[in-house]
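Just below is one structure, and these are the notes that go with it.
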Protein chains: 2
Amino acid sequence: MAVQTVASVGAPAGAPASSPSSDTSADTSAASGVDLGSAAALSCRECGHRVALGPVFACEECFGPLEVAYELPAGDPEALRARIEAGPRSIWRYAPLLPVPADVADKPNLDPGFTRLIRADRLGAELGVRPGRLFVKDDSGNPTHSFKDRVVAIAVEAARAFGFTTLSCSSTGNLAGAVGAAAARAGLRSCVFIPHDLEQGKILMAAVYGGSVVGIEGTYDDVNRFCSELIGDPVGEGWGFTNVNLRPYYAEGSKTLAYEICEQLGWRLPDNLVIPVASGSQLTKIDKGLRELIALGLVEDRPYRIFGAQAQGCSPVSRAYKDGHEVVRPVRPDTIAKSLAIGNPADGPYVLDIARRTGGAVEDVDDAAVVEAIKQLARTEGVFAETAGGVTFGVLARLVADGRISPDETTVAINTGDGLKTLDAVAPTTGLAATIKPSLDAFRAAGLV
Amino acid sequence: MAVQTVASVGAPAGAPASSPSSDTSADTSAASGVDLGSAAALSCRECGHRVALGPVFACEECFGPLEVAYELPAGDPEALRARIEAGPRSIWRYAPLLPVPADVADKPNLDPGFTRLIRADRLGAELGVRPGRLFVKDDSGNPTHSFKDRVVAIAVEAARAFGFTTLSCSSTGNLAGAVGAAAARAGLRSCVFIPHDLEQGKILMAAVYGGSVVGIEGTYDDVNRFCSELIGDPVGEGWGFTNVNLRPYYAEGSKTLAYEICEQLGWRLPDNLVIPVASGSQLTKIDKGLRELIALGLVEDRPYRIFGAQAQGCSPVSRAYKDGHEVVRPVRPDTIAKSLAIGNPADGPYVLDIARRTGGAVEDVDDAAVVEAIKQLARTEGVFAETAGGVTFGVLARLVADGRISPDETTVAINTGDGLKTLDAVAPTTGLAATIKPSLDAFRAAGLV
C-alpha cells in the first residue's frame, strides 16, 4: 500500500522556537503496538525527532512540542470525500485523518462535532460584508456546548489506548465539564482541577457528571503546575491529563473544525478565518487541518488567511504581532474573556508564524467591544456566544472596518462556546424591557409599541 | 397526482372532549392562498370541521382545538425515505410532512433538530435494561438547548406566511429564549411575556437576542390570560403568538421527534417511548408523527407504547390516569420541574387516551427522584438534563423497576432541555470534592485516591 506522510505539514520550516516547561520523563515502552488509526508516531515540531506513540508531550532531544505524525493511504480524493460524506454526523466522519482507531464511532463517547455553519447575512449587513460571504461556525452546539468536546473526545481514545483509567485536566471551566461528561460516558473515572474560587455554575457543570472536582487554592497557573507535579508522582499513575500528557492527541481534535468548515462550504477553503487565541493550539491545528486537506486533494490549493483574536486584557500574541516580534512576552490576564485568559500561550509563536505566512493578522478588542459583539451576534443571527466568541466577532468587526477583510471574500468566524456559561458579561446591559401589571393599559403605557 | 389525507390520523375516534378557554374571533380571510407545503387546512380534533389555513386555534363550531390537516402525495415509501435521508441535517429533512413551504431550508432560521439518539448501555445497566435496548433522545443539542426550537421554527414559517412582523409568546423560560433567538435570525421583531420574578439567567437568555422581554406582575397563568387579551386588541395586530394563535402549526414541530427517533433507529418504531407531559402537546404530536410514519409505509405497522412523565408536584394527568378518569382536574403546581409546571394541561385528555390506547401509562416521581435521575443520567451517559429530563428519567427508572417496561424491549426516553438552565436543582448536592493547597501532600491527605 502506497503511503504518504502528511505529518510534514505540521512542521513548516522556520517555525520559531517554543519553550516547553515540563519534563519528558513518562515511560513510552507500554505504548508500542497501540492502535490509533493512521497515527504512526509522535514527531517534534521543532527538530523532527520521532518517538513511538505514547503519553509524552515534549521532545527528548530539544524539548520542543510533540505532535502526531500520520501515514495516510494515498488514494483518490473523490473516494475519500465520498467515504467521509457517508460517515457519522460527528467528528468521527474524519476518523481516517485523526489519531483514533477505525472503530471509534462504535465506542461510547459524546460524538461531538458537525456543528452548524451558519450563513450570517444579517450580521454581514451590519458589518458591511456582502450577502453569502460571512459564516458563523457555531461550536456551542457540541454536547457540553464548547469546542472542548472535540479535543477531549480524541484524548479519551488516547487514554483508552494507553490503558489510563482516570481522565484529568487543569481547567477554568469549559474543559472540566467536557472531561467530566466524556469520562462518564466512556466509563472512565475523572478527577479535574480548577481554581477553587470559580463561579458556582462552572463547578456544578463539572461536578454533576460524578467525577471528582478539586478546587486548588491559587490561580490557574498554580493549578497547572500542580498537575505537572502529579504526572511525575505515583499518585498520578494511570492518569491521562487531556491537556498535558495527552496533549499531542487532544490538540489534534481542533483539526476537525477545519475539515467541517471546508466540507460545509462544499469542499472549498474560505478566504479568511477568524479564530480566538488562548494557548494558540486551536488556531495552529486548524491551519494544520487545512493544509492536510490541500495535501490530500480534498480542496483546491489556493491561499487562505488566518486571523487570531485576543482580548485586550490578555493579548500577548496580538502585541507581539503588532510589534513585529517572534517571541511572545507573558502577561497577567485581566479580561472578562476568562476562557482565553492564558498569559503565557504555549503555541503563541506558531500563531504569529501562521498569521504572517498566510497574510492574516492577530488583533485584539477591549471588554466593552466583547460585550457589544456578543449582543450583535445574538441580535442579528440568534447565536448566543460566550465571551471568547465576543472576542472573535469583535475582532472580525474591526478587521472588516479596517479593510483587512474584504466584504467580497468568504469569511468564517468561530464561536467556540456558549453564552449560557458567561451570563455575567451581558447581565449589566441586558434585562427586562419593562415590568407591568397584566393589563392592556399597563402595556400601552410602557411605550414598547 | 394521487393524494392521501394523513390528517385523519390526528383525530382518532373516541377522543375525549377538551375545553378550550379562548375565543376564535381572529380573521382567516387573509390566509387564503398561503403556501405551507402539504398543509391543506385546519381541522377540528373534536368534530372534524375544516377551515382554511390561518392564525386560528379553536373550532368555530365546537371550540375544539384545531390541528393541521395534510394532503401528502402518495408514493413509494423507499423514494420518500431516500429523499428524507438526502435532506438537510435538521428538522427540514421532514419538510414534506410539516406545514412549511418547500424552500424552508433556504430561509434564515435556527435549523433545529436531528439531535443525538444516544445508546445508553451504562444507564441501562444501572436500571436493569439489556445492552442496546435503551436510548436517550437528547434535545439539549438544539440551538437554544431545548426542544422548543423545533416548535418555534414551524411557528416562524406560519408567522411569515400570515404576514406577522412580531413574534410573541407567554413563557416560563425555554420558549422565551427560543422565540427571541428564532425571531432575531429571521429578522422579525419579538416581544415575549414572562412572570416578572423569573430567575435572572432565564431573563438574560431571552433578552440577549434584542427583542423586548416584558415581566408581568403575576403568575404564569396571569401571563397567559394577558396574551389572550392582547390577541384581540389592536395593539396585538400583526403579532404571531407561537403558543396561542399559531399553536396549530407550532405544535406540529414536535412530530419531528417521532420522525428522528424512528429514522435514527433505522426506520423502526421503538417498543416504548417515555415523554414528559406539560401541556401534553409534545406527547400527543409524537404519537401523531408515529402514526403518520406507519400510514406512509416508512416504518412497519406494529404496536408501540407511550408513557407520560410528570412531577409529583404537578401531576394532574398522572392522577387522572391512575384514577381511571377521562377528565383532568387542574392542580396548583409545586415542583422544581418548572418547565412542566402546567396545572391545567390543554392536551391532558389526549395524553390519557394515547397512554391507554397504546398500553402505556402516565406516571409521576417526586422532586428528590428528579434530582437523583438528573445525576444518574449525567454520571452514566455524560448528558446533563434539565429538571424536565429528570422527571422523564425518574419515571423511566420506576417503569423498569415495576416491570411495566421490559428490559428486553427497545425504549427511548426524551431529554427535552439542558441542565445548564436549571442549575439550582443540583446545587445543594453537587460541588467540589475537596479544596486544597496546590501540593501533592495536600492532595493525598484529601483522601480522594
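Lettering and numbering for the C-alpha cells are positional, with chains as A, B, ... in the shown order, residues counted from 1 in each chain, and ligands counted from 1 in the shown order.
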Step one, run DSSP on the backbone; step two, keep only residues of range 232-320 of chain B assigned to helix (DSSP H, G or I); then write them as a ChimeraX atom specification. /B:234-236,247-252,255-264,281-295,316-320
Dump as CSV the rows for residues of chain A within 6 Å of chain B: closest atom pair and distance in Å with one decimal, only C-alpha atoms counted, ordered by chain and rising residue number.
```
residue,atom,partner,partner_atom,distance
A:Gly141,CA,B:Gly141,CA,5.9
A:Ala181,CA,B:Gly382,CA,4.0
A:Ala184,CA,B:Gly382,CA,5.2
A:Arg185,CA,B:Glu381,CA,4.2
A:Leu204,CA,B:Gly431,CA,5.7
A:Ala207,CA,B:Gly431,CA,5.8
A:Tyr209,CA,B:Arg379,CA,4.4
A:Gly210,CA,B:Arg379,CA,5.0
A:Ser212,CA,B:Ala433,CA,5.5
A:Val213,CA,B:Leu432,CA,5.2
A:Val214,CA,B:Ala434,CA,5.2
A:Gly215,CA,B:Thr435,CA,4.4
A:Ile216,CA,B:Ile436,CA,5.2
A:Glu217,CA,B:Lys437,CA,5.0
A:Phe226,CA,B:Pro438,CA,5.6
A:Ala378,CA,B:Tyr209,CA,4.7
A:Arg379,CA,B:Tyr209,CA,4.4
A:Thr380,CA,B:Ala184,CA,5.5
A:Glu381,CA,B:Arg185,CA,4.2
A:Gly382,CA,B:Ala181,CA,4.0
A:Gly431,CA,B:Leu204,CA,5.7
A:Leu432,CA,B:Val213,CA,5.2
A:Ala433,CA,B:Val213,CA,5.5
A:Ala434,CA,B:Val214,CA,5.2
A:Thr435,CA,B:Gly215,CA,4.4
A:Ile436,CA,B:Ile216,CA,5.2
A:Lys437,CA,B:Glu217,CA,5.0
A:Pro438,CA,B:Phe226,CA,5.6
```
Can you list, as JSON, numbers by chain, all residues belonging to range 103-324 of chain B that DSSP tags as strand (DSSP E or B)? {"B": [117, 118, 119, 134, 135, 136, 137, 138, 166, 167, 168, 169, 170, 189, 190, 191, 192, 193, 194, 195, 212, 213, 214, 215, 216, 239, 240, 241, 272, 273, 274, 275, 276, 305, 306, 307, 308, 309, 310, 311, 314]}
Selected residues written out with C-alpha atoms, as a PDB file, in the first residue's frame:
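Output below, filename result.pdb:
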```pdb
ATOM      1  CA  LEU B 117     -30.008   9.498  19.757  1.00  0.00           C
ATOM      2  CA  ILE B 118     -27.661   8.027  22.342  1.00  0.00           C
ATOM      3  CA  ARG B 119     -27.332   4.324  23.042  1.00  0.00           C
ATOM      4  CA  LEU B 134     -32.201   1.835  25.928  1.00  0.00           C
ATOM      5  CA  PHE B 135     -31.738   5.153  24.082  1.00  0.00           C
ATOM      6  CA  VAL B 136     -31.691   8.804  25.104  1.00  0.00           C
ATOM      7  CA  LYS B 137     -33.030  11.325  22.597  1.00  0.00           C
ATOM      8  CA  ASP B 138     -31.045  14.378  23.673  1.00  0.00           C
ATOM      9  CA  THR B 166     -43.707  40.425  15.562  1.00  0.00           C
ATOM     10  CA  LEU B 167     -43.242  37.030  17.203  1.00  0.00           C
ATOM     11  CA  SER B 168     -44.539  36.633  20.733  1.00  0.00           C
ATOM     12  CA  CYS B 169     -45.354  34.083  23.435  1.00  0.00           C
ATOM     13  CA  SER B 170     -46.046  33.552  27.093  1.00  0.00           C
ATOM     14  CA  ARG B 189     -39.366  41.704  15.915  1.00  0.00           C
ATOM     15  CA  SER B 190     -40.056  39.833  19.131  1.00  0.00           C
ATOM     16  CA  CYS B 191     -41.892  40.716  22.310  1.00  0.00           C
ATOM     17  CA  VAL B 192     -42.262  37.927  24.861  1.00  0.00           C
ATOM     18  CA  PHE B 193     -44.033  37.835  28.203  1.00  0.00           C
ATOM     19  CA  ILE B 194     -42.823  36.102  31.339  1.00  0.00           C
ATOM     20  CA  PRO B 195     -43.571  36.229  35.075  1.00  0.00           C
ATOM     21  CA  SER B 212     -38.472  43.016  24.207  1.00  0.00           C
ATOM     22  CA  VAL B 213     -38.864  40.814  27.270  1.00  0.00           C
ATOM     23  CA  VAL B 214     -41.724  42.047  29.419  1.00  0.00           C
ATOM     24  CA  GLY B 215     -42.132  40.959  33.024  1.00  0.00           C
ATOM     25  CA  ILE B 216     -45.730  40.548  34.122  1.00  0.00           C
ATOM     26  CA  TRP B 239     -48.390  39.660  16.239  1.00  0.00           C
ATOM     27  CA  GLY B 240     -47.946  35.915  15.996  1.00  0.00           C
ATOM     28  CA  PHE B 241     -48.095  34.202  19.396  1.00  0.00           C
ATOM     29  CA  ASN B 272     -41.643   2.129  24.331  1.00  0.00           C
ATOM     30  CA  LEU B 273     -41.357   5.907  24.465  1.00  0.00           C
ATOM     31  CA  VAL B 274     -41.118   7.907  27.702  1.00  0.00           C
ATOM     32  CA  ILE B 275     -42.100  11.547  27.220  1.00  0.00           C
ATOM     33  CA  PRO B 276     -42.552  14.432  29.686  1.00  0.00           C
ATOM     34  CA  ARG B 305     -46.405   2.043  23.971  1.00  0.00           C
ATOM     35  CA  ILE B 306     -46.291   5.678  25.021  1.00  0.00           C
ATOM     36  CA  PHE B 307     -45.604   6.614  28.640  1.00  0.00           C
ATOM     37  CA  GLY B 308     -46.156  10.113  30.015  1.00  0.00           C
ATOM     38  CA  ALA B 309     -43.963  11.507  32.813  1.00  0.00           C
ATOM     39  CA  GLN B 310     -44.986  14.146  35.340  1.00  0.00           C
ATOM     40  CA  ALA B 311     -43.539  15.614  38.520  1.00  0.00           C
ATOM     41  CA  CYS B 314     -47.749  18.883  39.222  1.00  0.00           C
TER      42      CYS B 314
END
```
I'd like the interatomic distance between CA of Thr411 in chain A and CA of Glu300 in chain A, to a tenth of an Å.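 Separation of CA of Thr411 in chain A and CA of Glu300 in chain A: 16.7 Å.
CA of Pro303 in chain A is positioned 19.6 Å from CA of Gly132 in chain A.
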Would you work out the distance separating CA of Ser43 in chain A from CA of Ala346 in chain A, expressed in Å to one decimal?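 Spanning CA of Ser43 in chain A to CA of Ala346 in chain A is a straight-line distance of 17.0 Å.
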Excluding same-chain residues fewer than 6 positions from Gly403 in chain B, what lies within 12 Å of it counting only C-alpha atoms, as JSON, numbers by chain? {"B": [127, 128, 129, 396, 397, 409]}
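Closest approach to Ala158 in chain A among A:Arg356, A:Arg247, A:Arg398, A:Lys255 is made by A:Arg247 (distances from only C-alpha atoms).
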Can you list, as a list in words, every protein, DNA or RNA residue that comes within 12 Å of Asp301 in chain A when you count only C-alpha atoms, leaving out same-chain residues fewer than 6 positions away?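 What passes the distance filter is Trp267, Arg268, Leu269, Pro270, Asp271, Leu290, Arg291, Glu292, Leu293, Ile294 and Ala295 of chain A.
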Env of Ala258 in chain B: 8 Å cut, atoms = only C-alpha atoms, seq-sep filter 4 positions within chain, self excluded. Answer as a JSON list (two decimals) with N, CA, C and O atoms, in the first residue's frame.
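Contents of part36.json, freshly written:
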```json
[["chain", "number", "residue", "atom", "x", "y", "z"],
["B", 254, "SER", "N", -43.32, 19.16, 17.13],
["B", 254, "SER", "CA", -42.96, 18.02, 17.99],
["B", 254, "SER", "C", -43.02, 16.69, 17.25],
["B", 254, "SER", "O", -42.42, 15.70, 17.70],
["B", 262, "CYS", "N", -37.36, 7.37, 14.92],
["B", 262, "CYS", "CA", -37.53, 6.19, 14.06],
["B", 262, "CYS", "C", -36.43, 6.11, 13.00],
["B", 262, "CYS", "O", -35.88, 5.03, 12.75],
["B", 286, "ILE", "N", -46.09, 13.53, 19.10],
["B", 286, "ILE", "CA", -45.19, 12.41, 18.82],
["B", 286, "ILE", "C", -46.01, 11.19, 18.39],
["B", 286, "ILE", "O", -45.67, 10.50, 17.43],
["B", 287, "ASP", "N", -47.11, 10.96, 19.08],
["B", 287, "ASP", "CA", -47.99, 9.87, 18.68],
["B", 287, "ASP", "C", -48.51, 10.09, 17.25],
["B", 287, "ASP", "O", -48.53, 9.17, 16.43],
["B", 289, "GLY", "N", -47.04, 11.75, 14.89],
["B", 289, "GLY", "CA", -45.92, 11.52, 13.98],
["B", 289, "GLY", "C", -45.67, 10.04, 13.73],
["B", 289, "GLY", "O", -45.43, 9.61, 12.59],
["B", 290, "LEU", "N", -45.75, 9.24, 14.78],
["B", 290, "LEU", "CA", -45.54, 7.79, 14.62],
["B", 290, "LEU", "C", -46.62, 7.20, 13.71],
["B", 290, "LEU", "O", -46.34, 6.38, 12.82]]
```
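Distances here use only C-alpha atoms; by that measure, the residue among B:Ala153, B:Leu36, B:Leu53, B:Ile84 closest to Pro99 in chain B is B:Leu36.
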